[in-house]
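Remarks on the structure that follows.
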Amino acid sequence: MEKADVDHLLIVTDHRAGNAPQWVTGWPGTVEAYVVFKPGERMTMHVEWFNHFPLAKRIAKDVDVRWGEHRGIQKTIEELKRRGAKRVGLMGPLLTGKVRQLEQLFQVVVLDQEYVRLRLIKSEEEIDWLRIGAAFSDAGFQELLQNARPGLTEREFGNLVERAYVGQGGTTFIHFIGVTSMADPHICVPPQFASSRKAKTGDVVFCELSATFWDYSGQVLRSFTVGADPTPLYRDLHATAEAAFDAVTSVICHGTTMQEIVDAAGVIEDRGFTVYDDLLHGFGGGYFPPILGSRSRPAGPLPQMTLEENMTVVVQPNVVTPDHKAGVQVGELVRVTKTGFERLHSAPRGFFRAG
C-alpha cells in the first residue's frame, strides 16, 4: 500500500471469482465479498446472500461483517466515503461497471499483480494446510486406483475420487480423468468434463486430482492401466515422464532459473516426445507463476523470475506423442527449499495396474 500510495484496499470476490477475501478474512466469498482494509482499523466486509451472512460472521473473525443488501458495491462505496478514502487499491476481479462506479469517486489502483506476488511465498501455516489438501488428493487417487475396473464410466471414476475425502471435510478443486484404449488411443491429456464412456480391459487411465482444504489444494498426477500390462508405447511414455519429473526436481531449489527447468526437461524431446499440459506451474491458493512448457511446447515467454524458498509448484510432465494421440500424467505438488525440494504428497509413484 505504501509503495502504491493508496490509503485503503478494496479486496474482492465478485460473482464467485477471486480468493483474496478468504486469504485476509477466512470467508470464502461464496457469491460476493467486498473487504475494506486499512492498517490499524477493523476490516469491513459486505457479503451476499442473506442466508450466507450468519456463517460469514462466524468465520471472518475480527471483521465487521455486513449484509450487502444486493447492492454490496454501493454499500462499500459508502463505507469508503465515510472513512475519507481518496486513493483505493483494488485486489480481485471486479466487473467493469462496478469499477467505473468506484472511479467516479476515488482514484483506483489495480494491485492484482502485487496480490499474486504476496501469494507466491507460503507461510508455515499455509504449508500445513497444503499438506492436508495433498493428503485428501492422495486419498482420492488411492480410492480410484483400488476400485477402478472395466465397466465403470468416467463419471463413476470421478465419484470414487470424491468419496475418499468429502466425508473428511475436503472439497473438489478438480478431478480431470482421461480414459482411452492403449491399442487405439484417442486423447493425450485428461479432459475437464467426464463422459459416460465405460472403461475397458486394456485401457489406460491418467489423472490430475486436486482436493482442497479451504483454499489449499494438493495436486497429484498419476497413470495406471486397467486389467492389462502397459503396451511398449505407454511404457516408454511413462518412463520418460518419470525421468522428466526426476530431472526437473533435481534442479529445483532457491534461485533456480526458468531456463534451468526447461533444460532439465529436455529428456522429453530427446526421447522423441513432447508435452501438452504445462510442465510446471505455481500452485497453492491459485494457479500462479511460473507457468512453463517444454522446449518443444513453450508456454509463452519464459518468466523473468527465479524460484524462491517456500514457493509451492506442481511438476507435471504430461508426456505425449507428437501426433497428440497418446499421453500419460506424472507429477505432484512440491515445496521449494533452500537446497532442493520437499514432497508434500505421499502417494506412491509408478505405473500401476488396476482391475
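Chain labels follow the order of the C-alpha cells: the first chain is A, the next B, and so on; residue numbering restarts at 1 in every chain, and ligands are counted from 1 in their shown order.
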DSSP on the backbone, alpha helix (DSSP H) only: what residues of region 17-182 of chain A does that give? Format it as a PyMOL selection string.
chain A and resi 20-25+53-59+72-82+96-103+112-120+124-147+154-163
List the spatial neighbours of Cys253 (chain A) as number ranges by chain - criterion: any atom at most 7 Å away, only C-alpha atoms, same-chain residues fewer than 3 positions off excluded.
A: 256, 307, 336-341
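Taking only C-alpha atoms, the non-local environment of Phe245 (chain A) within 12 Å (same-chain residues fewer than 6 positions away omitted) comprises A:Leu221, A:Arg222, A:His238, A:Ala239, A:Val251, A:Ile252, A:Ile261, A:Val262, A:Ala264, A:Ala265, A:Gly266, A:Val267, A:Ile268, A:Leu279, A:Leu280, A:Val314, A:Val315, A:Gln316, A:Pro317, A:Asn318, A:Val319, A:Gln329, A:Val330, A:Gly331, A:Glu332, A:Leu333, A:Val334, A:Arg349, A:Gly350.
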Print the selection's residues with N, CA and C atoms to a file, as a tab-separated table (two decimals), in the first residue's frame.
chain	number	residue	atom	x	y	z
A	221	LEU	N	-0.72	-36.28	-9.86
A	221	LEU	CA	-0.92	-36.72	-11.24
A	221	LEU	C	-0.30	-38.09	-11.39
A	222	ARG	N	-1.11	-39.07	-11.83
A	222	ARG	CA	-0.66	-40.44	-11.93
A	222	ARG	C	-1.33	-41.10	-13.13
A	238	HIS	N	5.55	-43.37	-20.10
A	238	HIS	CA	5.58	-43.23	-18.65
A	238	HIS	C	7.02	-43.13	-18.13
A	239	ALA	N	7.90	-43.94	-18.66
A	239	ALA	CA	9.30	-43.89	-18.24
A	239	ALA	C	9.91	-42.51	-18.53
A	251	VAL	N	16.83	-30.07	-10.15
A	251	VAL	CA	17.39	-28.72	-10.26
A	251	VAL	C	16.61	-27.70	-9.43
A	252	ILE	N	15.47	-28.12	-8.86
A	252	ILE	CA	14.65	-27.19	-8.09
A	252	ILE	C	15.33	-26.85	-6.77
A	261	ILE	N	15.08	-25.10	-15.63
A	261	ILE	CA	13.98	-26.06	-15.55
A	261	ILE	C	13.66	-26.62	-16.94
A	262	VAL	N	13.55	-25.74	-17.93
A	262	VAL	CA	13.25	-26.18	-19.29
A	262	VAL	C	14.37	-27.09	-19.81
A	264	ALA	N	16.33	-28.99	-18.06
A	264	ALA	CA	16.27	-30.28	-17.37
A	264	ALA	C	15.21	-31.19	-17.97
A	265	ALA	N	14.13	-30.60	-18.47
A	265	ALA	CA	13.05	-31.39	-19.06
A	265	ALA	C	13.36	-31.83	-20.49
A	266	GLY	N	14.53	-31.50	-20.98
A	266	GLY	CA	14.88	-31.86	-22.36
A	266	GLY	C	14.90	-33.34	-22.63
A	267	VAL	N	14.92	-34.16	-21.58
A	267	VAL	CA	14.84	-35.61	-21.77
A	267	VAL	C	13.58	-35.99	-22.54
A	268	ILE	N	12.54	-35.18	-22.44
A	268	ILE	CA	11.28	-35.48	-23.14
A	268	ILE	C	11.51	-35.43	-24.64
A	279	LEU	N	4.28	-27.92	-18.11
A	279	LEU	CA	5.28	-28.75	-17.45
A	279	LEU	C	5.36	-28.46	-15.96
A	280	LEU	N	5.28	-27.19	-15.60
A	280	LEU	CA	5.41	-26.77	-14.20
A	280	LEU	C	4.60	-25.50	-14.02
A	314	VAL	N	3.76	-27.25	-8.92
A	314	VAL	CA	3.41	-28.57	-9.41
A	314	VAL	C	4.33	-28.90	-10.58
A	315	VAL	N	5.06	-29.99	-10.46
A	315	VAL	CA	5.86	-30.53	-11.56
A	315	VAL	C	5.04	-31.65	-12.17
A	316	GLN	N	4.66	-31.51	-13.45
A	316	GLN	CA	3.66	-32.41	-14.02
A	316	GLN	C	3.93	-32.73	-15.49
A	317	PRO	N	4.99	-33.46	-15.80
A	317	PRO	CA	5.25	-33.78	-17.21
A	317	PRO	C	4.16	-34.68	-17.81
A	318	ASN	N	3.31	-34.07	-18.62
A	318	ASN	CA	2.27	-34.78	-19.37
A	318	ASN	C	2.90	-35.15	-20.72
A	319	VAL	N	3.64	-36.24	-20.71
A	319	VAL	CA	4.40	-36.63	-21.90
A	319	VAL	C	3.46	-37.26	-22.92
A	329	GLN	N	0.15	-38.89	-17.48
A	329	GLN	CA	0.35	-37.84	-16.50
A	329	GLN	C	1.19	-38.39	-15.35
A	330	VAL	N	2.15	-37.59	-14.92
A	330	VAL	CA	3.01	-37.91	-13.77
A	330	VAL	C	3.28	-36.61	-13.04
A	331	GLY	N	3.36	-36.65	-11.72
A	331	GLY	CA	3.80	-35.46	-11.00
A	331	GLY	C	3.01	-35.18	-9.75
A	332	GLU	N	3.35	-34.05	-9.11
A	332	GLU	CA	2.70	-33.67	-7.86
A	332	GLU	C	3.19	-32.30	-7.41
A	333	LEU	N	2.52	-31.79	-6.38
A	333	LEU	CA	2.88	-30.52	-5.76
A	333	LEU	C	4.09	-30.71	-4.86
A	334	VAL	N	5.07	-29.80	-4.98
A	334	VAL	CA	6.26	-29.85	-4.14
A	334	VAL	C	6.54	-28.46	-3.58
A	349	ARG	N	4.72	-43.53	-6.32
A	349	ARG	CA	4.98	-43.31	-7.74
A	349	ARG	C	5.07	-44.65	-8.45
A	350	GLY	N	4.79	-44.62	-9.74
A	350	GLY	CA	4.88	-45.84	-10.54
A	350	GLY	C	3.78	-45.90	-11.57
Determine which residues of region 19-234 of chain A receive a DSSP assignment of strand (DSSP E or B), computed from the backbone, and state them as a count of residues only.
60
Taking only residues of region 199-225 of chain A that have an atom at most 7 Å from an atom of region 135-157 of chain A, what is each one's shortest atom pair and its distance in Å to one decimal, using only C-alpha atoms, in chain and number order, as a tab-separated table?
residue	atom	partner	partner_atom	distance
A:Ala199	CA	A:Pro150	CA	4.8
A:Lys200	CA	A:Pro150	CA	4.6
A:Thr201	CA	A:Pro150	CA	5.8
A:Leu209	CA	A:Ser137	CA	6.0
A:Ser210	CA	A:Ser137	CA	5.3
A:Ala211	CA	A:Ser137	CA	4.8
A:Gly218	CA	A:Ser137	CA	5.8
A:Gln219	CA	A:Ser137	CA	6.4
A:Val220	CA	A:Ser137	CA	6.4
Applying 8 Å and only C-alpha atoms, which residues near Pro93 (chain A) remain after dropping the ones on its own chain fewer than 5 positions away? List them as an MDAnalysis selection string.
chainID A and resid 12:14 17:18
Taking a cut-off of 12 Å and counting only C-alpha atoms, can you build a table that, for each residue of region 186-253 of chain A near region 21-37 of chain A, reports the nearest atom pair and how far apart they are in Å (one decimal), sorted by chain then residue number, as CSV?
residue,atom,partner,partner_atom,distance
A:Phe213,CA,A:Pro28,CA,11.6
A:Trp214,CA,A:Pro28,CA,7.8
A:Asp215,CA,A:Gln22,CA,7.7
A:Tyr216,CA,A:Trp23,CA,10.4
Please provide the set of residues having any atom within 7 Å of Gly282 (chain A), restricted to only C-alpha atoms, with same-chain residues fewer than 4 positions apart removed, written as a PDB file with N, CA and C atoms, in the first residue's frame.
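Dumped to selection-v5.pdb:
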ATOM      1  N   TYR A 287      -3.520 -20.618  -9.388  1.00  0.00           N
ATOM      2  CA  TYR A 287      -2.637 -21.130 -10.445  1.00  0.00           C
ATOM      3  C   TYR A 287      -1.666 -20.002 -10.752  1.00  0.00           C
ATOM      4  N   PHE A 288      -0.456 -20.107 -10.210  1.00  0.00           N
ATOM      5  CA  PHE A 288       0.444 -18.978 -10.137  1.00  0.00           C
ATOM      6  C   PHE A 288       1.667 -19.143 -11.033  1.00  0.00           C
ATOM      7  N   PRO A 289       2.387 -18.045 -11.284  1.00  0.00           N
ATOM      8  CA  PRO A 289       3.697 -18.144 -11.916  1.00  0.00           C
ATOM      9  C   PRO A 289       4.657 -18.917 -11.019  1.00  0.00           C
ATOM     10  N   PRO A 290       5.687 -19.519 -11.608  1.00  0.00           N
ATOM     11  CA  PRO A 290       5.959 -19.553 -13.052  1.00  0.00           C
ATOM     12  C   PRO A 290       5.112 -20.619 -13.743  1.00  0.00           C
ATOM     13  N   ILE A 291       4.695 -20.339 -14.967  1.00  0.00           N
ATOM     14  CA  ILE A 291       3.985 -21.317 -15.792  1.00  0.00           C
ATOM     15  C   ILE A 291       4.897 -21.631 -16.970  1.00  0.00           C
ATOM     16  N   THR A 312       5.479 -23.038  -3.708  1.00  0.00           N
ATOM     17  CA  THR A 312       4.989 -24.394  -3.955  1.00  0.00           C
ATOM     18  C   THR A 312       4.599 -24.488  -5.425  1.00  0.00           C
ATOM     19  N   VAL A 313       5.126 -25.501  -6.100  1.00  0.00           N
ATOM     20  CA  VAL A 313       4.924 -25.658  -7.540  1.00  0.00           C
ATOM     21  C   VAL A 313       4.504 -27.091  -7.845  1.00  0.00           C
ATOM     22  N   VAL A 314       3.761 -27.252  -8.916  1.00  0.00           N
ATOM     23  CA  VAL A 314       3.406 -28.572  -9.412  1.00  0.00           C
ATOM     24  C   VAL A 314       4.327 -28.903 -10.581  1.00  0.00           C
TER      25      VAL A 314
END
Would you mind telling me which residue in A:Val166, A:Val99, A:Ala134, A:Val65 lies nearest to Ala347 (chain A) when using only C-alpha atoms?
A:Ala134
Using only C-alpha atoms, which residue out of A:Asp278, A:Glu308, A:Asp236, A:Glu79 lies closest to Leu10 (chain A)?
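Checking each of A:Asp278, A:Glu308, A:Asp236, A:Glu79 against Leu10 (chain A), counting only C-alpha atoms, the winner is A:Glu79.
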From the options A:Asp323, A:Glu309, A:Asp5, A:Glu48, which residue's atoms come nearest to Val88 (chain A), counting only C-alpha atoms?
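Under the stated criterion, the closest residue is A:Asp5.
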Considering only C-alpha atoms, return as a ChimeraX atom specification whatever protein or nucleic-acid residues lie within 12 Å of Leu102 (chain A), sequence-local ones (same chain, fewer than 4 positions apart) excluded.
/A:10,73-81,85-90,94-98,106-110
Writing out the chosen residues with N, CA, C and O atoms as a JSON list (two decimals), in the first residue's frame:
[["chain", "number", "residue", "atom", "x", "y", "z"],
["A", 10, "LEU", "N", -9.42, -2.30, -1.39],
["A", 10, "LEU", "CA", -10.69, -2.99, -1.60],
["A", 10, "LEU", "C", -10.36, -4.38, -2.14],
["A", 10, "LEU", "O", -9.77, -4.51, -3.21],
["A", 73, "ILE", "N", -21.63, -3.23, -3.69],
["A", 73, "ILE", "CA", -20.62, -2.26, -4.12],
["A", 73, "ILE", "C", -21.02, -0.85, -3.69],
["A", 73, "ILE", "O", -20.17, -0.05, -3.29],
["A", 74, "GLN", "N", -22.32, -0.57, -3.73],
["A", 74, "GLN", "CA", -22.77, 0.75, -3.27],
["A", 74, "GLN", "C", -22.55, 0.92, -1.77],
["A", 74, "GLN", "O", -22.10, 1.97, -1.31],
["A", 75, "LYS", "N", -22.84, -0.14, -0.99],
["A", 75, "LYS", "CA", -22.60, -0.09, 0.45],
["A", 75, "LYS", "C", -21.11, 0.07, 0.76],
["A", 75, "LYS", "O", -20.72, 0.78, 1.68],
["A", 76, "THR", "N", -20.28, -0.58, -0.06],
["A", 76, "THR", "CA", -18.84, -0.48, 0.13],
["A", 76, "THR", "C", -18.35, 0.92, -0.20],
["A", 76, "THR", "O", -17.48, 1.47, 0.50],
["A", 77, "ILE", "N", -18.88, 1.50, -1.26],
["A", 77, "ILE", "CA", -18.52, 2.88, -1.61],
["A", 77, "ILE", "C", -18.90, 3.84, -0.48],
["A", 77, "ILE", "O", -18.14, 4.75, -0.13],
["A", 78, "GLU", "N", -20.07, 3.62, 0.12],
["A", 78, "GLU", "CA", -20.48, 4.46, 1.25],
["A", 78, "GLU", "C", -19.49, 4.35, 2.41],
["A", 78, "GLU", "O", -19.16, 5.34, 3.06],
["A", 79, "GLU", "N", -19.01, 3.13, 2.66],
["A", 79, "GLU", "CA", -18.04, 2.93, 3.74],
["A", 79, "GLU", "C", -16.71, 3.62, 3.41],
["A", 79, "GLU", "O", -16.09, 4.25, 4.29],
["A", 80, "LEU", "N", -16.26, 3.51, 2.16],
["A", 80, "LEU", "CA", -15.02, 4.18, 1.77],
["A", 80, "LEU", "C", -15.15, 5.70, 1.90],
["A", 80, "LEU", "O", -14.22, 6.37, 2.37],
["A", 81, "LYS", "N", -16.29, 6.24, 1.54],
["A", 81, "LYS", "CA", -16.53, 7.68, 1.68],
["A", 81, "LYS", "C", -16.53, 8.07, 3.16],
["A", 81, "LYS", "O", -15.94, 9.09, 3.55],
["A", 85, "ALA", "N", -11.65, 7.92, 2.21],
["A", 85, "ALA", "CA", -10.73, 7.34, 1.23],
["A", 85, "ALA", "C", -10.57, 8.27, 0.03],
["A", 85, "ALA", "O", -11.53, 8.90, -0.41],
["A", 86, "LYS", "N", -9.35, 8.31, -0.49],
["A", 86, "LYS", "CA", -9.07, 9.11, -1.68],
["A", 86, "LYS", "C", -8.50, 8.25, -2.81],
["A", 86, "LYS", "O", -8.90, 8.37, -3.96],
["A", 87, "ARG", "N", -7.55, 7.38, -2.45],
["A", 87, "ARG", "CA", -6.84, 6.58, -3.44],
["A", 87, "ARG", "C", -6.93, 5.13, -2.97],
["A", 87, "ARG", "O", -6.35, 4.76, -1.93],
["A", 88, "VAL", "N", -7.63, 4.30, -3.75],
["A", 88, "VAL", "CA", -8.01, 2.95, -3.31],
["A", 88, "VAL", "C", -7.30, 1.90, -4.17],
["A", 88, "VAL", "O", -7.37, 1.94, -5.40],
["A", 89, "GLY", "N", -6.60, 1.00, -3.50],
["A", 89, "GLY", "CA", -6.01, -0.14, -4.19],
["A", 89, "GLY", "C", -7.04, -1.24, -4.35],
["A", 89, "GLY", "O", -7.80, -1.53, -3.43],
["A", 90, "LEU", "N", -7.07, -1.87, -5.52],
["A", 90, "LEU", "CA", -8.06, -2.91, -5.83],
["A", 90, "LEU", "C", -7.36, -4.24, -6.03],
["A", 90, "LEU", "O", -6.46, -4.37, -6.86],
["A", 94, "LEU", "N", -13.29, -7.51, -10.42],
["A", 94, "LEU", "CA", -14.47, -6.67, -10.22],
["A", 94, "LEU", "C", -15.03, -6.31, -11.59],
["A", 94, "LEU", "O", -14.29, -5.90, -12.49],
["A", 95, "LEU", "N", -16.35, -6.49, -11.76],
["A", 95, "LEU", "CA", -16.99, -6.19, -13.04],
["A", 95, "LEU", "C", -16.75, -4.74, -13.44],
["A", 95, "LEU", "O", -16.69, -3.84, -12.59],
["A", 96, "THR", "N", -16.63, -4.53, -14.73],
["A", 96, "THR", "CA", -16.26, -3.21, -15.25],
["A", 96, "THR", "C", -17.20, -2.11, -14.76],
["A", 96, "THR", "O", -16.75, -1.02, -14.38],
["A", 97, "GLY", "N", -18.50, -2.40, -14.74],
["A", 97, "GLY", "CA", -19.46, -1.38, -14.30],
["A", 97, "GLY", "C", -19.23, -0.96, -12.86],
["A", 97, "GLY", "O", -19.39, 0.22, -12.51],
["A", 98, "LYS", "N", -18.81, -1.90, -12.02],
["A", 98, "LYS", "CA", -18.55, -1.58, -10.61],
["A", 98, "LYS", "C", -17.25, -0.80, -10.47],
["A", 98, "LYS", "O", -17.15, 0.09, -9.62],
["A", 106, "PHE", "N", -13.13, 7.84, -6.50],
["A", 106, "PHE", "CA", -11.80, 7.60, -5.95],
["A", 106, "PHE", "C", -10.81, 7.36, -7.09],
["A", 106, "PHE", "O", -11.19, 6.95, -8.18],
["A", 107, "GLN", "N", -9.55, 7.60, -6.79],
["A", 107, "GLN", "CA", -8.50, 7.10, -7.67],
["A", 107, "GLN", "C", -8.34, 5.61, -7.39],
["A", 107, "GLN", "O", -8.17, 5.20, -6.24],
["A", 108, "VAL", "N", -8.40, 4.79, -8.43],
["A", 108, "VAL", "CA", -8.35, 3.34, -8.28],
["A", 108, "VAL", "C", -7.03, 2.83, -8.86],
["A", 108, "VAL", "O", -6.70, 3.13, -10.01],
["A", 109, "VAL", "N", -6.30, 2.07, -8.05],
["A", 109, "VAL", "CA", -5.02, 1.49, -8.47],
["A", 109, "VAL", "C", -5.16, -0.03, -8.41],
["A", 109, "VAL", "O", -5.39, -0.60, -7.35],
["A", 110, "VAL", "N", -5.04, -0.69, -9.55],
["A", 110, "VAL", "CA", -5.18, -2.15, -9.62],
["A", 110, "VAL", "C", -3.90, -2.79, -9.08],
["A", 110, "VAL", "O", -2.81, -2.51, -9.57]]
Compare A:Thr249, A:Ser123, A:Ser196, A:Ser223 by their minimum atom-to-atom distance to Phe352 (chain A), counting only C-alpha atoms, and give me the closest one.
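For Phe352 (chain A), the nearest of the given residues is A:Ser223.
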Go ahead and compute the interatomic distance for CA of Gly68 (chain A) and CA of Phe53 (chain A), in Å to one decimal.
9.1 Å
Counting only C-alpha atoms, which of A:Thr240, A:Asn159, A:Gln304, A:Ser195 gets nearest to Met258 (chain A)?
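Closest residue, counting only C-alpha atoms: A:Gln304.
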From the set A:His46, A:Lys3, A:His254, A:Arg353, which residue has the shortest atom-to-atom contact distance to Ile121 (chain A), counting only C-alpha atoms?
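Closest to Ile121 (chain A) of all the choices is A:His254.
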